[in-house]
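Novice: One structure, as structure tokens, below. Some questions next.
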Amino acid sequence: MKNFSFVNVENKADALEVLHREKEKSCLVAGATNVMPFIRYEKINDKTLINIRNLQELRFIREEEDKIEIGPLTTIYDLENSEIIEKYAPALREAAQDFADPTTRNSATIGGNIANASPAADTATPLLALNAVVVAESKSGVRKIPIQEFFLGVNKTALQCDELITVIEVPKNAANSNSCFIKLGLRNAMAISVVSVAAGVELAEGKVAHANVALGSVAPTPVRAKTVEAALVGKEFTPGLVEETAKLVTEDISPIDDVRASGEYRKTVAAVLVKRALKKSGKI
Amino acid sequence: MSAMFKLVGKPAPRHDAWAKAKGDQLYSDDFTMPGMLYGKALRSKYPAAIIKSIDTSKAKALPGVHAVLTAKDVPMNVEISKFGQMKDVGGGFEGLYKVLADGKVRFKGEAIALVAAETEELAEEACRLIEVDYEVQPGVFDPEEALKPGAYIVSSDEGENESNLIMESHINKGDVEKAFAEADVIVENEYRVPPVDHAYLETEGGVAWVDDNGVITMRVGTQVLEHYRTIAKVMGLPQNKVRNMSVPMGGGFGGKEDITVETFLCLLANATKRPVKMVWSREESLEVHSKRHPEILRYKTAATKDGKITAQKVEIIMDGGGYKLLTGWVQMYSTVNAPGCYNIPNVKVDSYSALTNNTPSSANRGFGCCQANFASELQMDELAAKLGMSPLEIRLKNCLRNGDEICTGFIPQGHIALEEIAKKAWEGLEATGPKPDYVDGKKIGRGLAIGMMSYGRLTFMHDSSRVGLRIELDGSVTLRAGVPDLGGGQASVLCQIVAEELGIPMEKVHPYIMDTHLTPLCGTTTATRQLYMSGNAALVTVKVLKERIIKKAAEMLDAKPEEVQLINEKACLINNPLKSVPFVQVVGALSNDGVELFHEGQFNAPFTDVPNLHDMKGRIWPDFTYSAHAVEVAVDEETGKFEVRKVVLCYDVGKAINKNSCEGQLEGGCVYNQGYVTENMGWENGITKARSFAEYLIPTAVDAPEIETIMVESGGGLGPYGAKGVGEPADNSIAPAIVNAIYDAVGVRLKEMPVTPEKLLKAIQEKNK
Amino acid sequence: MSEINITVTVNGTKINANVKPEMNLLKFLRSQGFYDVKCGCEMGDCGTCTVIFNGSSVKSCITLAAQADGGTVWTNKGLGEVDELTQKLQKAFVEHGSIQCGFCTPGMIIAGKAYIEKGGKPDRNEIKKAISGNLCRCTGYKKIVDAIYDVAEQMSK
């Protein structure tokens with residue numbers, strides 16, 4: 001039998017208090033779009049559902065001097081419609097536009113999307129490419145988790161059970177401002193990605209100064225394409241270079257077969273999407 | 001002629017449109033009764049197993065559980081399934097219907113036990129407490145394997161337990177071997193088509209209770225009201241003691257043609273003497289209700305150099321799944337439609353169906369026809385490619401025309417517009433502009449397919465329909481019809497016909513529908529038959545009343561009956577409309593005279609004998625509806641992902657009685673079987689991997705193409721005013737048109753659906769090697 | 001396990017009820033007689049249960065009923081009684097033949113309303129995107145897009 005209790009919290013302090021009290025029993029609920037299917041399929045049980053949907057203080061998109069700050073309660077709809085995101089993190093905006101469907105985007109939040117840690121989470125791939133930093137807070141203090149260290153496995157993150165994401169920081173830089181996102185799904189809406197790619201490159205005098213490439217649905221967590229990045233940096237940014245280096249992505253990923261596609265297909269398509277994303281980001 | 005119509009041909013809002021728009025329409029899941037319990041089925045964990053024992057004691061002991069039933073509690077657990085036909089057809093057509101599994105489990109998700117409890121959660125918990133001792137069996141999941149000697153036998157029931165063969169059927173016309181020997185070209189291919197879920201948005205469900213007089217009564221949406229007879233047999237009750245006050249369905253598409261929740265509900269209500277509700281979850285619906293038949297179709301075609309087809313030889317293997325259900329009927333459609341909509345002098349078709357341990361196959365919009373159409377239309381393009389002809393040319397060269405006979409030797413009575421509609425669809429697509437090579441980096445291709453599909457049931461079923469009318473004293477009309485409405489406007493169109501004939505507004509005719517014992521039985525909403533059958537029944541019935549009204553009006557107007565017409569709620573002289581008497585006054589006068597203001601009329605389809613299945617000849621259906629789809633696709637050559645950009649579809653609908661409804665069928669059917677190309681149940685050894693709508697991906701609004709709908713109205717149908725049926729033919733030729741368009745774009749033709757990006761990419765890569 | 005007490009204003013009427021903590025908003029609404037909110041999948045995959053919750057369109061099956069405590073919910077039926085835009089959409093759906101089985105209709109009308117209220121223009125592609133979270137198996141979407149287009153055009157004049 002299903003066994004849950006429910007607590008509503010109205011502010012961050014209360015949320016941290018309840019998390020501290022409930023510990024492993026805690027299950028934060030914001031947009032609820034992931035939690036509800038989990039309850040239905042009994043993937044979770046014996047939990048205290050902590051409602052943070054009304055935590056308006058954590059719903060914001062702010063521009064700071066060297067970074068932008070996104071509150072975890074920011075909805076996917078907010079991301080889609082933010083000029084700040086469009087300017088400094090276009091990959092995130094494009095991911096938001098491809099996210100599920102417009103109705104779900106009204107509820108789903110960026111914090112929920114990354115805390116759920118699905119390998120196919122649409123905002124995770126761009127945040128990884130953008131070198132985001134997750135700020136987590138508990139009663140014992142605040143810590144910053146680089147996004148590269150945030151995802152530990154399918155539905156597993158570096159968050160402790162009493163921690164709440166309070167901010168997601170995205171650095172302001174040229175690579176991030178040039179970033180883009182491409183998703184391949186089996187349908188044009190309400191589709192879980194077969195492969196997704198986010199990429200951002202910064203060029204200096206025609207050469208690659210920075211290259212950030214991340215992929216989703218190709219490993220237990222979203223992954224960085226480190227081999228591709230390393231092969232790009234310092235080189236002249238040409239279509240030829242992009243074509244060659246994109247193929248190296250198979251070194252960086254370990255996709256599996258599932259109901260949507262085989263691992264082999266994912267490898268092939270990953271290289272295609274990396275190539276396209278790099279070209280789009282570097283405008284060639 | 002058409003200028004004469006006041007209502008027929010207009011895009012009239014249906015009688016139920018406002019209720020549906022405002023959210024007032026109630027469906028099967030929207031009824032609650034005092035003391036209502038919740039029913040749940042325990043379903044098999046395995047696709048093939050022997051049930052050694054079932055222990056229900058723990059479930060029965062759970063407080064709040066009121067009934068736990070297994071096969072031994074069902075008065076007649078095994079029955080012959082009928083589908084509303086009034087005739088005992090025999091000949092191996094009627095399959096076995098089993099309420100709850102006993103002996104062998106035949107597919108995963110087959111119901112083994114039923115529970116009724118105070119809440120849904122309790123019912124679920126009780127199901128968990130039922131202990132079933134299974135002896136797991138190897139099973140057989142491929143119909144060809146199932147037909148081999150020594151194969152695992154799916155059924156343990158009498159009559160089915162010696163072989164998995166369900167039925168074989170054959171057509172022999174002319175001499176195919178001679179034609180192959182003399183052929184200029186021969187094309188040979190194998191095609192495979194997958195199972196399809198109906199994916200109606202309303203899952204199966206309803207409520208049942210025992211009424212004050214002991215009648216088992218239910219409210220369950222079904223395409224076949226007449227199932228009450230089978231349910232009565234299962235319950236061991238007379239047929240006048242089982243009633244379905246049915247409700248409109250949230251979509252049917254053939255999936256609510258078999259019995260769904262009805263027997264379960266009636267058994268539980270009878271056992272508990274309390275109202276019981278059962279609604280299947282989406283997961284249950286995807287896993288257990290019947291699907292479209294997967295088929296393997298092998299084609300060998302002979303033609304002359306100039307593209308005239310001289311012979312077609314087809315072998316078909318159908319996967320019937322765990323139960324026979326409608327397989328025999330579906331097989332007739334695949335068999336006779338195998339040669340396609342072409343005039344071919346020499347034809348040989350051999351088709352076989354088999355039981356397997358997959359989810360049962362049964363009715364699904366297109367009913368065996370769209371499988372054959374897919375294969376035959378790809379085969380046509382293969383032939384065209386080999387001969388260097390265009391897809392349009394090869395079709396015009398071979399398509400059926402008025403006076404031609406189909407492969408059984410039958411010459412269709414209705415108009416055959418294939419040539420006209422093929423041209424109109426293709427020219428319509430060309431008129432959208434010259435085909436670009438690439439759009440947004442994607443390769444563009446165009447394709448064509450045409451088709452024919454029957455409307456009306458197999459004529460050897462001896463189909464009939466009845467409609468009742470009563471003219472009220474205020475001039476309004478009560479229409480009574482046991483017409484299951486699944487959303488196609490099946491009831492509304494009857495009102496339109498009656499209103500047209502009586503010269504009154506459509507709102508003045510109100511339909512009372514879908515009650516097994518209070519409305520005249522119209523037969524099933526299947527086989528694209530309601531407009532043809534019940535439309536004609538409505539017409540026959542209203543004409544009887546119309547004659548009485550006109551006769552009386554003529555008296556009142558001092559004229560001859562043939563000089564009087566009914567129009568604008570008046571009876572008036574045809575030549576002098578100003579000389580008139582209000583309709584309501586004529587009705588009043590008839591009432592005063594004691595003349596009957598009611599009538600129930602029946603329409604019978606043409607009747608034939610059951611064909612010799614070893615050599616099928618003659619008429620199999622009343623008539624056919626002809627379709628053409630011209631399609632433009634865009635293919636991403638690097639990922640294999642494709643999209644359907646444009647569709648121009650053209651149908652001869654005979655007469656569009658309700659323009660919006662008719663277009664709605666054609667457009668809806670188009671997108672329904674656009675999905676045929678890509679939807680994937682993910683069957684693997686009897687397990688359904690597509691558990692939800694996140695895996696079973698039907699087209700969304702952004703997947704659907706822009707559709708241009710061209711309706712030709714030849715008036716050459718057998719329905720009212722020359723109408724033809726369109727419900728199922730609407731999804732007939734779209735899927736092959738898409739696959740042919742992909743070939744035009746990238747030069748590969750996938751002969752097996754679903755066409756996934758992965759399969760398409762692989763084929764493109766192999767071609768480029 | 002223990003039930004919690006919630007108060008939700010649905011279609012302008014305050015409803016007080018005890019619910020299980022994990023109950024979804026869809027089941028709550030239906031248990032209170034709001035049957036125009038349809039259940040198609042309970043997984044957020046079909047859109048038949050779409051309602052307006054605290055001003056935004058949401059899929060009620062993937063919203064917790066408890067989250068609606070103190071909030072407001074509008075369904076298609078309730079809006080049809082008071083909201084002019086919804087009334088226009090309902091009328092357009094009737095006149096354009098956008099309704100077949102009608103099961104997706106209440107959710108589809110809410111999606112259309114959400115689109116137009118956010119300033120959506122009469123643009124077929126944009127309308128298709130706006131209703132892409134709402135499945136329809138009957139119509140092929142064409143006449144649904146026609147109806148929303150018609151109302152968007154009326155509103156933009």
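Identifiers for the structure tokens are assigned positionally: chains receive A, B, ... in sequence, residues are indexed from 1 per chain, and ligands are indexed from 1 in the order shown.
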Taking 6 positions as the minimum chain separation for residues in the same chain, which residues sit within 9 Å of region 215-227 of chain A when counting only C-alpha atoms? Answer as a ChimeraX atom specification.
Specialist: /A:117-122,124-126,128-129,148,151-156,183,192-199,245,248-256,263,266-267,270,274
Novice: With a distance cut-off of 12 Å and only C-alpha atoms, select the neighbouring residues of region 89-91 of chain C, excluding the residue or stretch itself and same-chain residues fewer than 3 positions from it, and output the selection as a ChimeraX atom specification.
Specialist: /B:13,17-24 /C:76-77,79-81,83-86,94-99,102,105-116,144-155
Novice: Considering only alpha helix (DSSP H) as DSSP defines it on the backbone, what residues of chain C qualify? List them as a count of residues only.
Specialist: 61
Novice: At a cut-off of 10 Å, using only C-alpha atoms, what residues contact Gly12 (chain C)? Leave out same-chain residues fewer than 6 positions from it and give the result as a list in words.
Specialist: Thr72, Val73, Trp74, Gly78, Leu79 and Val82 of chain C
Novice: Just N, CA, C and O atoms for this one: save the residues we selected as a PDB file, in the first residue's frame.
Specialist:
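selection_3.pdb, freshly written:
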ATOM      1  N   THR C  72      -6.792  27.937  -6.456  1.00  0.00           N
ATOM      2  CA  THR C  72      -7.983  27.960  -7.299  1.00  0.00           C
ATOM      3  C   THR C  72      -7.773  27.090  -8.533  1.00  0.00           C
ATOM      4  O   THR C  72      -6.685  27.040  -9.087  1.00  0.00           O
ATOM      5  N   VAL C  73      -8.831  26.423  -8.902  1.00  0.00           N
ATOM      6  CA  VAL C  73      -8.807  25.590 -10.098  1.00  0.00           C
ATOM      7  C   VAL C  73     -10.010  25.957 -10.954  1.00  0.00           C
ATOM      8  O   VAL C  73     -11.115  26.151 -10.436  1.00  0.00           O
ATOM      9  N   TRP C  74      -9.769  26.075 -12.238  1.00  0.00           N
ATOM     10  CA  TRP C  74     -10.866  26.254 -13.192  1.00  0.00           C
ATOM     11  C   TRP C  74     -10.826  25.121 -14.208  1.00  0.00           C
ATOM     12  O   TRP C  74      -9.767  24.798 -14.731  1.00  0.00           O
ATOM     13  N   GLY C  78     -16.444  24.930 -15.945  1.00  0.00           N
ATOM     14  CA  GLY C  78     -16.629  26.122 -15.112  1.00  0.00           C
ATOM     15  C   GLY C  78     -16.330  27.399 -15.885  1.00  0.00           C
ATOM     16  O   GLY C  78     -17.056  28.394 -15.792  1.00  0.00           O
ATOM     17  N   LEU C  79     -15.261  27.368 -16.656  1.00  0.00           N
ATOM     18  CA  LEU C  79     -14.895  28.557 -17.431  1.00  0.00           C
ATOM     19  C   LEU C  79     -15.956  28.896 -18.466  1.00  0.00           C
ATOM     20  O   LEU C  79     -16.216  30.069 -18.741  1.00  0.00           O
ATOM     21  N   VAL C  82     -18.435  31.411 -17.294  1.00  0.00           N
ATOM     22  CA  VAL C  82     -18.093  32.785 -16.912  1.00  0.00           C
ATOM     23  C   VAL C  82     -17.089  33.472 -17.828  1.00  0.00           C
ATOM     24  O   VAL C  82     -17.001  34.696 -17.849  1.00  0.00           O
TER      25      VAL C  82
END
Novice: List as an NGL selection string the protein and nucleic acid residues near region 1-11 of chain C, meaning an atom at most 10 Å away when only C-alpha atoms are counted, but skip any in the same chain fewer than 4 places from it.
Specialist: (:A and (1-7 or 46-48)) or (:C and (15-23 or 29 or 32 or 34 or 52-54 or 65-82))
Novice: Could you jot down the CA of Val631 (chain B) to CA of Val647 (chain B) separation for me, Å, one decimal place?
Specialist: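 We find that CA of Val631 (chain B) and CA of Val647 (chain B) lie 4.5 Å from each other.
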Novice: Using 8 Å as the limit and counting only C-alpha atoms, can you tabulate each residue of chain C that touches chain A, with its shortest atom-to-atom distance in Å and the two atoms involved, as a Markdown table?
Specialist:
| residue | atom | partner | partner_atom | distance |
| --- | --- | --- | --- | --- |
| C:Met1 | CA | A:Asn3 | CA | 4.9 |
| C:Ser2 | CA | A:Ser5 | CA | 7.0 |
| C:Ile4 | CA | A:Phe6 | CA | 7.8 |
| C:Pro21 | CA | A:Phe6 | CA | 5.4 |
| C:Glu22 | CA | A:Phe4 | CA | 6.3 |
| C:Asn24 | CA | A:Met36 | CA | 7.5 |
| C:Glu42 | CA | A:Pro37 | CA | 7.8 |
| C:Met43 | CA | A:Pro37 | CA | 5.6 |
| C:Gly44 | CA | A:Thr33 | CA | 7.4 |
| C:Asp45 | CA | A:Met190 | CA | 7.1 |
| C:Thr50 | CA | A:Thr103 | CA | 7.9 |
| C:Ser56 | CA | A:Asn106 | CA | 6.6 |
| C:Ser57 | CA | A:Thr103 | CA | 5.8 |
| C:Val58 | CA | A:Thr103 | CA | 5.4 |
| C:Lys59 | CA | A:Thr103 | CA | 6.7 |
| C:Cys61 | CA | A:Met36 | CA | 7.7 |
| C:Ile62 | CA | A:Thr33 | CA | 5.1 |
| C:Thr63 | CA | A:Ala32 | CA | 5.6 |
| C:Leu64 | CA | A:Ala32 | CA | 6.8 |
| C:Ala66 | CA | A:Phe6 | CA | 7.6 |
| C:Gln67 | CA | A:Asn51 | CA | 6.7 |
| C:Ala111 | CA | A:Thr103 | CA | 7.4 |
| C:Lys129 | CA | A:Pro102 | CA | 7.6 |
| C:Ala130 | CA | A:Pro102 | CA | 6.1 |
| C:Ile131 | CA | A:Pro102 | CA | 7.6 |
| C:Ser132 | CA | A:Asp101 | CA | 6.0 |
| C:Gly133 | CA | A:Asp101 | CA | 4.8 |
Novice: I want to know what sits within 7 Å of Glu94 (chain A), based on only C-alpha atoms, with residues of the same chain fewer than 4 positions away left out; could you give that as a CSV table (one decimal) with all heavy atoms, in the first residue's frame?
Specialist:
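Okay, result_7.csv is ready:
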chain,number,residue,atom,x,y,z
A,90,PRO,N,21.7,30.6,-24.2
A,90,PRO,CA,20.7,30.2,-25.2
A,90,PRO,C,20.5,28.6,-25.2
A,90,PRO,O,19.4,28.2,-25.6
A,90,PRO,CB,21.3,30.7,-26.5
A,90,PRO,CG,22.7,31.1,-26.2
A,90,PRO,CD,22.8,31.4,-24.8
A,98,ASP,N,12.2,22.7,-26.2
A,98,ASP,CA,12.0,21.3,-26.6
A,98,ASP,C,11.5,20.4,-25.5
A,98,ASP,O,11.4,19.2,-25.6
A,98,ASP,CB,13.3,20.7,-27.1
A,98,ASP,CG,13.7,21.2,-28.5
A,98,ASP,OD1,12.8,21.8,-29.2
A,98,ASP,OD2,14.8,20.9,-29.0
A,180,CYS,N,24.3,26.3,-27.8
A,180,CYS,CA,23.0,25.9,-28.4
A,180,CYS,C,22.7,24.5,-28.0
A,180,CYS,O,23.6,23.8,-27.3
A,180,CYS,CB,23.1,26.0,-29.9
A,180,CYS,SG,24.3,24.8,-30.6
A,181,PHE,N,21.5,24.0,-28.3
A,181,PHE,CA,21.0,22.7,-27.8
A,181,PHE,C,20.3,22.0,-29.0
A,181,PHE,O,19.5,22.7,-29.7
A,181,PHE,CB,20.1,22.9,-26.6
A,181,PHE,CG,19.4,21.6,-26.2
A,181,PHE,CD1,20.0,20.8,-25.3
A,181,PHE,CD2,18.1,21.3,-26.6
A,181,PHE,CE1,19.4,19.6,-24.8
A,181,PHE,CE2,17.5,20.2,-26.1
A,181,PHE,CZ,18.1,19.3,-25.3
Novice: Can you write out as a Markdown table which residues of chain B fall within 8 Å of chain C, alongside each residue's closest atom pair and its distance in Å to one decimal, counting only C-alpha atoms and ordering rows by chain and ascending residue number?
Specialist:
| residue | atom | partner | partner_atom | distance |
| --- | --- | --- | --- | --- |
| B:Pro11 | CA | C:Gly97 | CA | 7.6 |
| B:Ala12 | CA | C:Glu95 | CA | 7.8 |
| B:Pro13 | CA | C:Glu95 | CA | 6.0 |
| B:Arg14 | CA | C:Val94 | CA | 8.0 |
| B:Ala17 | CA | C:Val94 | CA | 5.5 |
| B:Trp18 | CA | C:Val94 | CA | 6.3 |
| B:Lys20 | CA | C:Gly102 | CA | 5.3 |
| B:Ala21 | CA | C:Gln90 | CA | 5.2 |
| B:Lys22 | CA | C:Lys77 | CA | 5.2 |
| B:Gly23 | CA | C:Asp36 | CA | 4.6 |
| B:Asp24 | CA | C:Asp36 | CA | 6.6 |
| B:Gln25 | CA | C:Asp36 | CA | 7.6 |
| B:Leu26 | CA | C:Tyr35 | CA | 7.4 |
| B:Asp30 | CA | C:Tyr35 | CA | 6.1 |
| B:Ala199 | CA | C:Arg137 | CA | 7.0 |
| B:Tyr200 | CA | C:Arg137 | CA | 6.1 |
| B:Leu201 | CA | C:Gly40 | CA | 5.2 |
| B:Glu202 | CA | C:Gly40 | CA | 5.6 |
| B:Thr203 | CA | C:Gly40 | CA | 6.8 |
| B:Pro248 | CA | C:Cys101 | CA | 7.7 |
| B:Met249 | CA | C:Cys101 | CA | 6.5 |
| B:Gly250 | CA | C:Cys101 | CA | 5.0 |
| B:Gly251 | CA | C:Cys101 | CA | 5.5 |
| B:Ser281 | CA | C:Cys41 | CA | 7.0 |
| B:Arg282 | CA | C:Cys41 | CA | 5.2 |
| B:Leu486 | CA | C:Cys101 | CA | 5.9 |
| B:Gly487 | CA | C:Cys101 | CA | 3.5 |
| B:Gly488 | CA | C:Gln100 | CA | 5.7 |
| B:Gly489 | CA | C:Gln100 | CA | 7.0 |
| B:Asn660 | CA | C:Gly97 | CA | 5.4 |
| B:Ser661 | CA | C:Gly97 | CA | 6.7 |
| B:Gly664 | CA | C:Thr139 | CA | 5.6 |
| B:Gln665 | CA | C:Thr139 | CA | 7.0 |
| B:Glu667 | CA | C:Gly140 | CA | 5.3 |
| B:Gly668 | CA | C:Thr139 | CA | 4.0 |
| B:Gly669 | CA | C:Gly140 | CA | 7.2 |
| B:Cys670 | CA | C:Gly140 | CA | 6.9 |
| B:Val671 | CA | C:Gly140 | CA | 5.0 |
| B:Tyr672 | CA | C:Arg137 | CA | 6.6 |
| B:Ser692 | CA | C:Cys41 | CA | 7.6 |
| B:Phe693 | CA | C:Asp45 | CA | 5.6 |
| B:Ala694 | CA | C:Asp45 | CA | 6.0 |
| B:Ile698 | CA | C:Arg137 | CA | 7.9 |
| B:Pro699 | CA | C:Leu135 | CA | 7.7 |
| B:Thr700 | CA | C:Ser132 | CA | 5.6 |
| B:Ala701 | CA | C:Lys128 | CA | 5.1 |
| B:Val702 | CA | C:Lys128 | CA | 5.4 |
| B:Ala704 | CA | C:Gly140 | CA | 6.8 |
| B:Glu706 | CA | C:Lys142 | CA | 7.6 |
| B:Ile707 | CA | C:Lys142 | CA | 7.3 |
Novice: Give as a PyMOL selection string every residue of chain A that touches chain B within 7 Å, counting only C-alpha atoms.
Specialist: chain A and resi 187-189+259+261+265+269+272
Novice: So the first atom is CA of Ala126 (chain B) and the second is CA of Met235 (chain B); what is the distance between them in Å, to one decimal place?
Specialist: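 Value for the CA of Ala126 (chain B)-CA of Met235 (chain B) distance: 23.5 Å.
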Novice: Counting only C-alpha atoms, what is within 12 Å of Glu57 (chain A), bar same-chain residues fewer than 6 positions away, as a list in words?
Specialist: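 Residues near the query, excluding close chain neighbours: Val9, Glu10, Asn11, Lys12, Ala13, Ala15, Ile70, Gly71, Pro72, Leu73, Thr74, Thr166 and Val167 of chain A.
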Novice: Mind writing the picked residues with N, CA and C atoms as a compact mmCIF listing (two decimals), in the first residue's frame?
Specialist:
# COMPACT_ATOMS: atom_id res chain seq x y z
N VAL A 9 5.43 23.78 2.81
CA VAL A 9 6.32 24.82 3.34
C VAL A 9 6.20 26.07 2.50
N GLU A 10 6.31 27.20 3.18
CA GLU A 10 6.08 28.48 2.50
C GLU A 10 7.34 29.28 2.29
N ASN A 11 8.41 28.94 3.02
CA ASN A 11 9.65 29.68 2.82
C ASN A 11 10.86 28.76 2.97
N LYS A 12 12.00 29.26 2.55
CA LYS A 12 13.21 28.45 2.52
C LYS A 12 13.58 27.93 3.90
N ALA A 13 13.48 28.79 4.90
CA ALA A 13 13.86 28.40 6.25
C ALA A 13 13.04 27.19 6.72
N ALA A 15 11.55 25.06 4.80
CA ALA A 15 11.91 23.91 3.97
C ALA A 15 13.14 23.21 4.56
N ILE A 70 19.89 31.33 -11.32
CA ILE A 70 18.55 30.81 -11.60
C ILE A 70 18.04 30.12 -10.34
N GLY A 71 16.87 30.54 -9.89
CA GLY A 71 16.28 29.89 -8.72
C GLY A 71 15.74 28.52 -9.12
N PRO A 72 15.83 27.55 -8.22
CA PRO A 72 15.41 26.18 -8.57
C PRO A 72 13.92 26.07 -8.89
N LEU A 73 13.11 26.99 -8.37
CA LEU A 73 11.67 26.94 -8.64
C LEU A 73 11.30 27.60 -9.96
N THR A 74 12.30 28.08 -10.67
CA THR A 74 12.06 28.65 -11.99
C THR A 74 11.46 27.57 -12.89
N THR A 166 19.33 25.89 -3.86
CA THR A 166 18.82 27.26 -3.68
C THR A 166 19.13 28.16 -4.86
N VAL A 167 20.21 27.85 -5.57
CA VAL A 167 20.55 28.64 -6.76
C VAL A 167 21.25 27.73 -7.76
Novice: Which is closer to Tyr651 (chain B) than all the others in B:Leu518, B:Ala425, B:Leu539, B:Ile549, using only C-alpha atoms?
Specialist: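 Among B:Leu518, B:Ala425, B:Leu539, B:Ile549, it is B:Ala425 that comes nearest to Tyr651 (chain B).
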Novice: List the neighbours of region 529-537 of chain B out to 10 Å using only C-alpha atoms; skip same-chain residues closer than 4 positions along the sequence, and give me the result as JSON, numbers by chain.
Specialist: {"B": [454, 455, 456, 457, 463, 464, 465, 466, 467, 468, 481, 482, 483, 484, 485, 488, 489, 490, 491, 493, 494, 495, 496, 497, 498, 521, 522, 523, 524, 525, 541, 542, 543, 600, 601, 602, 603, 604, 605, 622, 657, 717, 718, 719, 720, 721, 722, 723, 724, 725, 726, 727, 728]}
